[in-house]
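See below for the structure under consideration.
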Amino acid sequence: MGQSKTSSERLASLQGWVQKVAEHRDKAAFAELFDHYVPLIRAYSLAREPAADLVADELAQEVMMRIWLKASSYDPKLANLNTWIFTLARNCRIDYLRRNSRYVSEIDPTEIFENIEDESPGPFQLVHQTRAQDNIRSRLDKLPAAQAEILSKVYLQGKSHQQTSEELKLPLGTVKSRVRLALKKLEVLVTR
Amino acid sequence: MNKSTIHPDETLLTAYSAGSLPLSQALCISAHVEHCPTCQQEIKHLNDLGSELMQQLKPSPGSTDLKAQLLARLDSLDETHEAPTRIDKTISRCLHQFIKNGYQNLAWKRVSPDIHSVELCRDSNGAKVELLRIKPGGAATTHTHLGDEYTVILEGSFSDESGLYQKGDFLLRDASHQHRPVATQDGECICLAVTEGPIQFTGLFSRLLNPLIRRSYA
């Protein structure tokens, strides 16, 4: 309980810095955001390419630039700040992989992953959203190791379900059903 | 049963949220999600999950050089940044990159008396991204697929052996399906279709077409 309070306090100060960047182009606030998020973004990049330190720097820099430019479009009522940063990092990773793949896709991912959130949620949805996130956080630690490992491969290492099944020498159906079980425990699935 | 066929399953949504889905498939998910509050909610939760997993990583601090370089660039970033352009709300957001002046002005090609199609692009995995336009009451030729086919209904509705599908519905058909979609009478139907391998026509006469069609995928 005490720990979750400090983490929500930290989130509140991070949100305050984003607001200062948005409203006052405040570079000191931006430097605070840099100190907090760059090590995480680099870790996210290194999870996929463990030795690629320069790639990690490049990704972190790209995400921080987007934070600077998009700070005014961030709405704490629509998404948790950490989630917003995660989606920026994911989108930058997708861009990076597209630019550096042997066969370049003709599809620009920008509009595919951005702004799909609905307009402005009502108070009920806000409460629901916060509760959903708390559930995910508190239950993630209790997930069986076999399920947590697969989620980490999919989300952090950026593996497809097929690649995950090959690396873990598990049938594809097993990988899919473990993801499904994990999502159920975390109450991520709304309807199924 | 019908309900589960009009949404992408959790495997696809998870891969979409994690960013590992081929872009042509992500395009279909995005076109569906824009019309589907349920999947919007699930994607929010899935993104929250990604975020929590990211928070659990062991932080890897960047160099002080990186910070100084970036701080020095911020002012010039503001100068070169373009404001977002206005958009046509009648067309799926993710398709604006291909459709600048409405559906009517695309270079539609006649496939059959009932169907026109226009190829939008190819993905890096070779998948073909196209729009199909079926006239009211018009039928597609019975066909199966060598690979998966992803379809999202953008306008109108159609039915096949398994049910009726409406605007925003998402369908995944694999090689085991043989189906014959028919547009409903009340209007034309426009679909986004992504095919991973060539379509196989199964009619007696049109089977002769298969070698020709396959070549266009080579």
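Here, A, B, ... name the chains of the structure tokens in the order displayed, residue numbers run from 1 inside each chain, and ligands are numbered from 1 in the same displayed order.
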DSSP-assigned alpha helix (DSSP H) among range 34-93 of chain B, expressed as number ranges by chain: B: 37-55, 64-80
Using only C-alpha atoms, I'd like every residue of chain A that has an atom within 6 Å of chain B; please write them out as a PDB file with all heavy atoms, in the first residue's frame.
```pdb
ATOM      1  N   PRO A  39      16.591   5.913 -19.136  1.00  0.00           N
ATOM      2  CA  PRO A  39      17.082   4.580 -18.745  1.00  0.00           C
ATOM      3  C   PRO A  39      16.058   3.458 -19.029  1.00  0.00           C
ATOM      4  O   PRO A  39      16.449   2.345 -19.383  1.00  0.00           O
ATOM      5  CB  PRO A  39      17.322   4.722 -17.245  1.00  0.00           C
ATOM      6  CG  PRO A  39      17.570   6.191 -17.043  1.00  0.00           C
ATOM      7  CD  PRO A  39      16.673   6.882 -18.025  1.00  0.00           C
ATOM      8  N   LEU A  40      14.761   3.780 -18.907  1.00  0.00           N
ATOM      9  CA  LEU A  40      13.738   2.764 -19.183  1.00  0.00           C
ATOM     10  C   LEU A  40      13.609   2.491 -20.685  1.00  0.00           C
ATOM     11  O   LEU A  40      13.470   1.339 -21.097  1.00  0.00           O
ATOM     12  CB  LEU A  40      12.377   3.225 -18.641  1.00  0.00           C
ATOM     13  CG  LEU A  40      12.137   3.029 -17.148  1.00  0.00           C
ATOM     14  CD1 LEU A  40      10.785   3.614 -16.757  1.00  0.00           C
ATOM     15  CD2 LEU A  40      12.193   1.539 -16.793  1.00  0.00           C
ATOM     16  N   ARG A  42      15.922   2.948 -22.916  1.00  0.00           N
ATOM     17  CA  ARG A  42      17.124   2.210 -23.324  1.00  0.00           C
ATOM     18  C   ARG A  42      16.999   0.724 -22.944  1.00  0.00           C
ATOM     19  O   ARG A  42      17.340  -0.155 -23.727  1.00  0.00           O
ATOM     20  CB  ARG A  42      18.383   2.829 -22.683  1.00  0.00           C
ATOM     21  CG  ARG A  42      18.882   4.089 -23.418  1.00  0.00           C
ATOM     22  CD  ARG A  42      20.082   4.719 -22.700  1.00  0.00           C
ATOM     23  NE  ARG A  42      21.015   3.723 -22.194  1.00  0.00           N
ATOM     24  CZ  ARG A  42      21.985   3.162 -22.936  1.00  0.00           C
ATOM     25  NH1 ARG A  42      22.173   3.554 -24.182  1.00  0.00           N
ATOM     26  NH2 ARG A  42      22.771   2.260 -22.407  1.00  0.00           N
ATOM     27  N   ALA A  43      16.480   0.474 -21.753  1.00  0.00           N
ATOM     28  CA  ALA A  43      16.304  -0.916 -21.315  1.00  0.00           C
ATOM     29  C   ALA A  43      15.328  -1.652 -22.239  1.00  0.00           C
ATOM     30  O   ALA A  43      15.523  -2.827 -22.569  1.00  0.00           O
ATOM     31  CB  ALA A  43      15.801  -0.950 -19.873  1.00  0.00           C
ATOM     32  N   ASN A  82       2.885   6.650 -18.052  1.00  0.00           N
ATOM     33  CA  ASN A  82       3.805   5.555 -18.395  1.00  0.00           C
ATOM     34  C   ASN A  82       3.334   4.807 -19.634  1.00  0.00           C
ATOM     35  O   ASN A  82       4.136   4.345 -20.447  1.00  0.00           O
ATOM     36  CB  ASN A  82       3.916   4.577 -17.223  1.00  0.00           C
ATOM     37  CG  ASN A  82       4.704   5.163 -16.067  1.00  0.00           C
ATOM     38  OD1 ASN A  82       5.558   6.029 -16.272  1.00  0.00           O
ATOM     39  ND2 ASN A  82       4.404   4.708 -14.856  1.00  0.00           N
ATOM     40  N   THR A  83       2.000   4.668 -19.762  1.00  0.00           N
ATOM     41  CA  THR A  83       1.453   3.975 -20.926  1.00  0.00           C
ATOM     42  C   THR A  83       1.674   4.804 -22.187  1.00  0.00           C
ATOM     43  O   THR A  83       2.007   4.265 -23.247  1.00  0.00           O
ATOM     44  CB  THR A  83      -0.051   3.680 -20.725  1.00  0.00           C
ATOM     45  OG1 THR A  83      -0.201   2.898 -19.543  1.00  0.00           O
ATOM     46  CG2 THR A  83      -0.626   2.933 -21.906  1.00  0.00           C
ATOM     47  N   PHE A  86       5.189   4.293 -23.107  1.00  0.00           N
ATOM     48  CA  PHE A  86       5.360   2.967 -23.704  1.00  0.00           C
ATOM     49  C   PHE A  86       4.922   2.974 -25.169  1.00  0.00           C
ATOM     50  O   PHE A  86       5.630   2.455 -26.038  1.00  0.00           O
ATOM     51  CB  PHE A  86       4.577   1.891 -22.933  1.00  0.00           C
ATOM     52  CG  PHE A  86       4.406   0.616 -23.718  1.00  0.00           C
ATOM     53  CD1 PHE A  86       5.482  -0.245 -23.915  1.00  0.00           C
ATOM     54  CD2 PHE A  86       3.192   0.299 -24.311  1.00  0.00           C
ATOM     55  CE1 PHE A  86       5.349  -1.411 -24.670  1.00  0.00           C
ATOM     56  CE2 PHE A  86       3.048  -0.851 -25.067  1.00  0.00           C
ATOM     57  CZ  PHE A  86       4.127  -1.702 -25.252  1.00  0.00           C
ATOM     58  N   TYR A 103      13.392  -5.623 -46.742  1.00  0.00           N
ATOM     59  CA  TYR A 103      12.302  -5.312 -47.653  1.00  0.00           C
ATOM     60  C   TYR A 103      11.428  -4.262 -46.982  1.00  0.00           C
ATOM     61  O   TYR A 103      10.755  -4.549 -46.007  1.00  0.00           O
ATOM     62  CB  TYR A 103      11.464  -6.553 -47.959  1.00  0.00           C
ATOM     63  CG  TYR A 103      12.280  -7.674 -48.510  1.00  0.00           C
ATOM     64  CD1 TYR A 103      12.643  -8.764 -47.727  1.00  0.00           C
ATOM     65  CD2 TYR A 103      12.713  -7.636 -49.836  1.00  0.00           C
ATOM     66  CE1 TYR A 103      13.419  -9.784 -48.233  1.00  0.00           C
ATOM     67  CE2 TYR A 103      13.493  -8.652 -50.352  1.00  0.00           C
ATOM     68  CZ  TYR A 103      13.840  -9.721 -49.542  1.00  0.00           C
ATOM     69  OH  TYR A 103      14.613 -10.734 -50.046  1.00  0.00           O
ATOM     70  N   VAL A 104      11.488  -3.061 -47.493  1.00  0.00           N
ATOM     71  CA  VAL A 104      10.784  -1.983 -46.827  1.00  0.00           C
ATOM     72  C   VAL A 104       9.283  -2.069 -47.113  1.00  0.00           C
ATOM     73  O   VAL A 104       8.863  -2.231 -48.251  1.00  0.00           O
ATOM     74  CB  VAL A 104      11.336  -0.617 -47.271  1.00  0.00           C
ATOM     75  CG1 VAL A 104      10.532   0.512 -46.656  1.00  0.00           C
ATOM     76  CG2 VAL A 104      12.802  -0.497 -46.863  1.00  0.00           C
ATOM     77  N   SER A 105       8.504  -1.978 -46.062  1.00  0.00           N
ATOM     78  CA  SER A 105       7.053  -1.965 -46.227  1.00  0.00           C
ATOM     79  C   SER A 105       6.630  -0.621 -46.797  1.00  0.00           C
ATOM     80  O   SER A 105       7.197   0.412 -46.474  1.00  0.00           O
ATOM     81  CB  SER A 105       6.385  -2.198 -44.879  1.00  0.00           C
ATOM     82  OG  SER A 105       4.995  -2.045 -45.008  1.00  0.00           O
ATOM     83  N   GLU A 106       5.600  -0.650 -47.668  1.00  0.00           N
ATOM     84  CA  GLU A 106       5.093   0.603 -48.235  1.00  0.00           C
ATOM     85  C   GLU A 106       4.081   1.260 -47.296  1.00  0.00           C
ATOM     86  O   GLU A 106       3.501   2.276 -47.626  1.00  0.00           O
ATOM     87  CB  GLU A 106       4.428   0.335 -49.594  1.00  0.00           C
ATOM     88  CG  GLU A 106       5.414  -0.138 -50.649  1.00  0.00           C
ATOM     89  CD  GLU A 106       4.732  -0.646 -51.920  1.00  0.00           C
ATOM     90  OE1 GLU A 106       3.525  -0.386 -52.098  1.00  0.00           O
ATOM     91  OE2 GLU A 106       5.411  -1.303 -52.719  1.00  0.00           O
ATOM     92  N   GLU A 111      -0.188   6.601 -38.705  1.00  0.00           N
ATOM     93  CA  GLU A 111      -1.614   6.707 -38.396  1.00  0.00           C
ATOM     94  C   GLU A 111      -2.233   5.386 -37.943  1.00  0.00           C
ATOM     95  O   GLU A 111      -3.389   5.325 -37.591  1.00  0.00           O
ATOM     96  CB  GLU A 111      -2.383   7.239 -39.610  1.00  0.00           C
ATOM     97  CG  GLU A 111      -2.048   8.672 -39.974  1.00  0.00           C
ATOM     98  CD  GLU A 111      -2.520   9.681 -38.927  1.00  0.00           C
ATOM     99  OE1 GLU A 111      -3.380   9.333 -38.091  1.00  0.00           O
ATOM    100  OE2 GLU A 111      -2.020  10.816 -38.947  1.00  0.00           O
ATOM    101  N   ILE A 112      -1.455   4.314 -38.036  1.00  0.00           N
ATOM    102  CA  ILE A 112      -1.994   3.021 -37.621  1.00  0.00           C
ATOM    103  C   ILE A 112      -1.989   2.887 -36.106  1.00  0.00           C
ATOM    104  O   ILE A 112      -2.874   2.288 -35.506  1.00  0.00           O
ATOM    105  CB  ILE A 112      -1.165   1.875 -38.239  1.00  0.00           C
ATOM    106  CG1 ILE A 112      -1.281   1.926 -39.756  1.00  0.00           C
ATOM    107  CG2 ILE A 112      -1.620   0.531 -37.709  1.00  0.00           C
ATOM    108  CD1 ILE A 112      -0.523   0.836 -40.456  1.00  0.00           C
ATOM    109  N   TYR A 155       6.227  -8.603 -25.567  1.00  0.00           N
ATOM    110  CA  TYR A 155       6.175  -7.144 -25.414  1.00  0.00           C
ATOM    111  C   TYR A 155       7.546  -6.478 -25.428  1.00  0.00           C
ATOM    112  O   TYR A 155       7.723  -5.406 -25.975  1.00  0.00           O
ATOM    113  CB  TYR A 155       5.449  -6.763 -24.120  1.00  0.00           C
ATOM    114  CG  TYR A 155       3.971  -6.594 -24.335  1.00  0.00           C
ATOM    115  CD1 TYR A 155       3.092  -7.645 -24.100  1.00  0.00           C
ATOM    116  CD2 TYR A 155       3.449  -5.402 -24.818  1.00  0.00           C
ATOM    117  CE1 TYR A 155       1.729  -7.504 -24.318  1.00  0.00           C
ATOM    118  CE2 TYR A 155       2.097  -5.247 -25.049  1.00  0.00           C
ATOM    119  CZ  TYR A 155       1.242  -6.297 -24.793  1.00  0.00           C
ATOM    120  OH  TYR A 155      -0.085  -6.154 -25.021  1.00  0.00           O
ATOM    121  N   GLY A 158       9.923  -8.110 -28.422  1.00  0.00           N
ATOM    122  CA  GLY A 158       9.296  -7.862 -29.718  1.00  0.00           C
ATOM    123  C   GLY A 158       9.160  -9.096 -30.599  1.00  0.00           C
ATOM    124  O   GLY A 158       9.155  -9.000 -31.824  1.00  0.00           O
ATOM    125  N   SER A 160       7.252 -12.319 -32.343  1.00  0.00           N
ATOM    126  CA  SER A 160       5.909 -12.750 -32.710  1.00  0.00           C
ATOM    127  C   SER A 160       5.578 -14.002 -31.895  1.00  0.00           C
ATOM    128  O   SER A 160       6.465 -14.618 -31.297  1.00  0.00           O
ATOM    129  CB  SER A 160       5.844 -13.069 -34.203  1.00  0.00           C
ATOM    130  OG  SER A 160       6.627 -14.212 -34.474  1.00  0.00           O
ATOM    131  N   VAL A 188      -7.324  -8.228 -18.528  1.00  0.00           N
ATOM    132  CA  VAL A 188      -7.110  -7.368 -19.684  1.00  0.00           C
ATOM    133  C   VAL A 188      -8.252  -7.535 -20.687  1.00  0.00           C
ATOM    134  O   VAL A 188      -8.659  -6.595 -21.354  1.00  0.00           O
ATOM    135  CB  VAL A 188      -5.755  -7.713 -20.349  1.00  0.00           C
ATOM    136  CG1 VAL A 188      -5.656  -7.128 -21.743  1.00  0.00           C
ATOM    137  CG2 VAL A 188      -4.614  -7.199 -19.478  1.00  0.00           C
ATOM    138  N   LEU A 189      -8.774  -8.757 -20.769  1.00  0.00           N
ATOM    139  CA  LEU A 189      -9.828  -9.026 -21.747  1.00  0.00           C
ATOM    140  C   LEU A 189     -11.171  -8.570 -21.194  1.00  0.00           C
ATOM    141  O   LEU A 189     -11.580  -9.009 -20.132  1.00  0.00           O
ATOM    142  CB  LEU A 189      -9.877 -10.523 -22.079  1.00  0.00           C
ATOM    143  CG  LEU A 189      -8.577 -11.091 -22.651  1.00  0.00           C
ATOM    144  CD1 LEU A 189      -8.710 -12.596 -22.843  1.00  0.00           C
ATOM    145  CD2 LEU A 189      -8.234 -10.422 -23.967  1.00  0.00           C
TER     146      LEU A 189
END
```
Spatial neighbours of range 153-155 of chain B, max dist 10 Å, only C-alpha atoms, sep filter under 3 positions, as a tab-separated table (two decimals) with all heavy atoms, in the first residue's frame:
```tsv
chain	number	residue	atom	x	y	z
B	6	ILE	N	-16.24	-11.28	-35.69
B	6	ILE	CA	-16.17	-9.91	-36.17
B	6	ILE	C	-15.13	-9.06	-35.44
B	6	ILE	O	-14.92	-7.92	-35.78
B	6	ILE	CB	-17.55	-9.21	-36.11
B	6	ILE	CG1	-18.04	-9.13	-34.66
B	6	ILE	CG2	-18.56	-9.93	-36.99
B	6	ILE	CD1	-19.20	-8.18	-34.51
B	28	CYS	N	-5.29	-3.46	-40.76
B	28	CYS	CA	-6.65	-4.02	-40.63
B	28	CYS	C	-7.16	-3.88	-39.20
B	28	CYS	O	-8.32	-3.54	-38.97
B	28	CYS	CB	-6.69	-5.49	-41.04
B	28	CYS	SG	-6.38	-5.74	-42.78
B	31	ALA	N	-8.12	-0.27	-38.65
B	31	ALA	CA	-9.38	0.10	-39.34
B	31	ALA	C	-10.58	-0.45	-38.57
B	31	ALA	O	-11.63	0.19	-38.49
B	31	ALA	CB	-9.38	-0.42	-40.77
B	32	HIS	N	-10.43	-1.62	-37.99
B	32	HIS	CA	-11.51	-2.20	-37.18
B	32	HIS	C	-11.68	-1.44	-35.86
B	32	HIS	O	-12.78	-1.06	-35.48
B	32	HIS	CB	-11.24	-3.68	-36.90
B	32	HIS	CG	-12.11	-4.25	-35.81
B	32	HIS	ND1	-13.43	-4.55	-36.01
B	32	HIS	CD2	-11.84	-4.52	-34.50
B	32	HIS	CE1	-13.95	-5.00	-34.87
B	32	HIS	NE2	-13.01	-5.00	-33.93
B	35	HIS	N	-13.73	1.66	-35.21
B	35	HIS	CA	-15.19	1.55	-35.11
B	35	HIS	C	-15.64	0.69	-33.94
B	35	HIS	O	-16.83	0.42	-33.81
B	35	HIS	CB	-15.76	0.93	-36.40
B	35	HIS	CG	-15.53	1.77	-37.60
B	35	HIS	ND1	-16.26	2.90	-37.86
B	35	HIS	CD2	-14.63	1.67	-38.60
B	35	HIS	CE1	-15.84	3.45	-38.97
B	35	HIS	NE2	-14.84	2.73	-39.44
B	90	THR	N	-14.60	10.81	-43.29
B	90	THR	CA	-15.40	9.71	-43.85
B	90	THR	C	-14.51	8.50	-44.16
B	90	THR	O	-15.00	7.42	-44.43
B	90	THR	CB	-16.12	10.14	-45.14
B	90	THR	OG1	-15.13	10.53	-46.10
B	90	THR	CG2	-17.06	11.30	-44.87
B	91	ILE	N	-13.21	8.71	-44.13
B	91	ILE	CA	-12.30	7.62	-44.46
B	91	ILE	C	-11.49	7.23	-43.24
B	91	ILE	O	-11.05	8.10	-42.47
B	91	ILE	CB	-11.38	8.05	-45.61
B	91	ILE	CG1	-12.29	8.32	-46.81
B	91	ILE	CG2	-10.28	7.02	-45.88
B	91	ILE	CD1	-11.74	8.19	-48.13
B	92	SER	N	-11.32	5.95	-43.03
B	92	SER	CA	-10.55	5.45	-41.90
B	92	SER	C	-9.22	6.18	-41.80
B	92	SER	O	-8.50	6.32	-42.78
B	92	SER	CB	-10.27	3.95	-42.10
B	92	SER	OG	-10.91	3.21	-41.14
B	131	LEU	N	-8.34	-2.55	-51.83
B	131	LEU	CA	-9.74	-2.30	-51.53
B	131	LEU	C	-10.56	-3.08	-52.55
B	131	LEU	O	-10.19	-3.18	-53.71
B	131	LEU	CB	-10.09	-0.82	-51.67
B	131	LEU	CG	-9.46	0.16	-50.70
B	131	LEU	CD1	-10.03	1.56	-50.94
B	131	LEU	CD2	-9.68	-0.24	-49.25
B	132	LEU	N	-11.67	-3.65	-52.09
B	132	LEU	CA	-12.61	-4.33	-52.98
B	132	LEU	C	-13.93	-3.58	-52.90
B	132	LEU	O	-14.35	-3.15	-51.82
B	132	LEU	CB	-12.83	-5.78	-52.54
B	132	LEU	CG	-11.63	-6.70	-52.55
B	132	LEU	CD1	-12.01	-8.06	-51.99
B	132	LEU	CD2	-11.10	-6.84	-53.98
B	133	ARG	N	-14.58	-3.46	-54.04
B	133	ARG	CA	-15.84	-2.74	-54.10
B	133	ARG	C	-16.84	-3.64	-54.79
B	133	ARG	O	-16.66	-3.97	-55.97
B	133	ARG	CB	-15.59	-1.48	-54.89
B	133	ARG	CG	-16.70	-0.53	-54.96
B	133	ARG	CD	-16.12	0.69	-55.63
B	133	ARG	NE	-17.13	1.68	-55.85
B	133	ARG	CZ	-16.88	2.84	-56.44
B	133	ARG	NH1	-15.65	3.11	-56.86
B	133	ARG	NH2	-17.83	3.71	-56.60
B	158	PHE	N	-21.91	-7.20	-46.22
B	158	PHE	CA	-22.04	-8.39	-47.07
B	158	PHE	C	-22.31	-9.61	-46.23
B	158	PHE	O	-22.17	-9.60	-45.00
B	158	PHE	CB	-20.82	-8.58	-47.99
B	158	PHE	CG	-19.58	-9.13	-47.36
B	158	PHE	CD1	-19.49	-10.46	-46.95
B	158	PHE	CD2	-18.45	-8.32	-47.21
B	158	PHE	CE1	-18.33	-10.97	-46.39
B	158	PHE	CE2	-17.28	-8.83	-46.64
B	158	PHE	CZ	-17.23	-10.15	-46.24
B	165	TYR	N	-22.10	-9.45	-42.27
B	165	TYR	CA	-21.04	-8.59	-41.74
B	165	TYR	C	-21.30	-7.15	-42.10
B	165	TYR	O	-21.70	-6.85	-43.22
B	165	TYR	CB	-19.68	-9.04	-42.28
B	165	TYR	CG	-19.45	-10.50	-42.02
B	165	TYR	CD1	-19.68	-11.43	-43.02
B	165	TYR	CD2	-19.07	-10.93	-40.76
B	165	TYR	CE1	-19.53	-12.78	-42.76
B	165	TYR	CE2	-18.91	-12.27	-40.50
B	165	TYR	CZ	-19.14	-13.19	-41.50
B	165	TYR	OH	-18.98	-14.52	-41.25
B	166	GLN	N	-21.06	-6.26	-41.12
B	166	GLN	CA	-21.36	-4.86	-41.32
B	166	GLN	C	-20.16	-3.97	-41.11
B	166	GLN	O	-19.10	-4.44	-40.69
B	166	GLN	CB	-22.50	-4.47	-40.37
B	166	GLN	CG	-23.80	-5.07	-40.84
B	166	GLN	CD	-24.89	-5.07	-39.79
B	166	GLN	OE1	-24.60	-5.25	-38.60
B	166	GLN	NE2	-26.10	-4.85	-40.24
B	167	LYS	N	-20.35	-2.68	-41.35
B	167	LYS	CA	-19.27	-1.70	-41.28
B	167	LYS	C	-18.42	-1.87	-40.00
B	167	LYS	O	-18.96	-1.91	-38.90
B	167	LYS	CB	-19.87	-0.29	-41.31
B	167	LYS	CG	-18.83	0.80	-41.32
B	167	LYS	CD	-19.45	2.14	-41.66
B	167	LYS	CE	-18.37	3.22	-41.55
B	167	LYS	NZ	-18.78	4.48	-42.17
B	168	GLY	N	-17.14	-1.97	-40.18
B	168	GLY	CA	-16.22	-2.10	-39.06
B	168	GLY	C	-15.88	-3.54	-38.71
B	168	GLY	O	-14.89	-3.79	-38.02
B	169	ASP	N	-16.69	-4.49	-39.19
B	169	ASP	CA	-16.43	-5.90	-38.83
B	169	ASP	C	-15.11	-6.39	-39.41
B	169	ASP	O	-14.71	-6.01	-40.51
B	169	ASP	CB	-17.58	-6.80	-39.32
B	169	ASP	CG	-18.83	-6.63	-38.46
B	169	ASP	OD1	-18.76	-5.88	-37.47
B	169	ASP	OD2	-19.85	-7.24	-38.79
B	170	PHE	N	-14.47	-7.24	-38.65
B	170	PHE	CA	-13.16	-7.79	-39.00
B	170	PHE	C	-13.30	-9.28	-39.26
B	170	PHE	O	-13.90	-9.99	-38.46
B	170	PHE	CB	-12.19	-7.56	-37.84
B	170	PHE	CG	-10.85	-8.21	-38.00
B	170	PHE	CD1	-9.78	-7.49	-38.52
B	170	PHE	CD2	-10.64	-9.52	-37.61
B	170	PHE	CE1	-8.53	-8.08	-38.66
B	170	PHE	CE2	-9.40	-10.13	-37.76
B	170	PHE	CZ	-8.35	-9.40	-38.28
B	171	LEU	N	-12.77	-9.77	-40.36
B	171	LEU	CA	-12.85	-11.21	-40.66
B	171	LEU	C	-11.47	-11.74	-41.00
B	171	LEU	O	-10.71	-11.09	-41.72
B	171	LEU	CB	-13.72	-11.47	-41.88
B	171	LEU	CG	-15.22	-11.28	-41.79
B	171	LEU	CD1	-15.59	-9.85	-42.08
B	171	LEU	CD2	-15.88	-12.18	-42.81
B	187	GLY	N	-26.89	-1.32	-50.73
B	187	GLY	CA	-25.81	-0.40	-51.09
B	187	GLY	C	-24.57	-1.17	-51.49
B	187	GLY	O	-24.49	-2.38	-51.28
B	188	GLU	N	-23.61	-0.45	-52.08
B	188	GLU	CA	-22.38	-1.15	-52.43
B	188	GLU	C	-21.55	-1.37	-51.17
B	188	GLU	O	-21.76	-0.73	-50.14
B	188	GLU	CB	-21.59	-0.38	-53.48
B	188	GLU	CG	-21.05	0.94	-53.00
B	188	GLU	CD	-20.13	1.59	-54.05
B	188	GLU	OE1	-20.02	1.06	-55.18
B	188	GLU	OE2	-19.54	2.62	-53.74
B	189	CYS	N	-20.65	-2.33	-51.28
B	189	CYS	CA	-19.84	-2.69	-50.13
B	189	CYS	C	-18.38	-2.44	-50.47
B	189	CYS	O	-17.90	-2.86	-51.52
B	189	CYS	CB	-20.08	-4.17	-49.81
B	189	CYS	SG	-19.08	-4.78	-48.46
B	190	ILE	N	-17.69	-1.70	-49.59
B	190	ILE	CA	-16.25	-1.48	-49.80
B	190	ILE	C	-15.50	-2.13	-48.64
B	190	ILE	O	-15.83	-1.92	-47.47
B	190	ILE	CB	-15.92	0.03	-49.87
B	190	ILE	CG1	-16.68	0.67	-51.03
B	190	ILE	CG2	-14.42	0.24	-50.02
B	190	ILE	CD1	-16.44	2.17	-51.18
B	191	CYS	N	-14.53	-2.95	-48.99
B	191	CYS	CA	-13.75	-3.67	-47.97
B	191	CYS	C	-12.27	-3.39	-48.13
B	191	CYS	O	-11.78	-3.23	-49.24
B	191	CYS	CB	-13.90	-5.18	-48.11
B	191	CYS	SG	-15.55	-5.76	-48.01
B	192	LEU	N	-11.59	-3.38	-47.01
B	192	LEU	CA	-10.13	-3.43	-47.01
B	192	LEU	C	-9.76	-4.90	-46.95
B	192	LEU	O	-10.28	-5.64	-46.10
B	192	LEU	CB	-9.60	-2.69	-45.77
B	192	LEU	CG	-8.11	-2.83	-45.46
B	192	LEU	CD1	-7.27	-2.18	-46.54
B	192	LEU	CD2	-7.80	-2.19	-44.10
B	193	ALA	N	-8.90	-5.36	-47.85
B	193	ALA	CA	-8.54	-6.77	-47.85
B	193	ALA	C	-7.02	-6.92	-47.92
B	193	ALA	O	-6.36	-6.29	-48.73
B	193	ALA	CB	-9.18	-7.49	-49.03
```
Atomic distance CA of His177 in chain B - CA of Pro171 in chain A, expressed in Å with one decimal: 23.0 Å
Got a sec: who's within 12 Å of Arg93 in chain A, counting only C-alpha atoms, leaving out chain neighbours fewer than 6 positions off, as a VMD selection string? (chain A and resid 41 to 42 44 to 49 55 to 63 86 to 87 99 to 101 109 to 110 113 155 to 158) or (chain B and resid 18 to 20)
Would you please extract all strand (DSSP E or B) residues from range 92-175 of chain B, as assigned by DSSP on the backbone, and give them as JSON, numbers by chain? {"B": [109, 110, 111, 112, 115, 116, 117, 118, 119, 120, 121, 122, 128, 129, 130, 131, 132, 133, 134, 139, 143, 144, 145, 149, 150, 151, 152, 153, 154, 155, 158, 159, 160, 163, 164, 165, 170, 171, 172, 173]}
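CA of Leu13 in chain B sits 14.8 Å away from CA of Gln162 in chain A.
Residues in contact with Thr184 in chain B at 9 Å, where only C-alpha atoms are counted and same-chain residues fewer than 4 positions away are skipped, are listed as Lys135, Pro136, Gly137, Gly138, Gly156, Ser157, Phe158, Ser159, Leu164, Glu188 and Cys189 of chain B.
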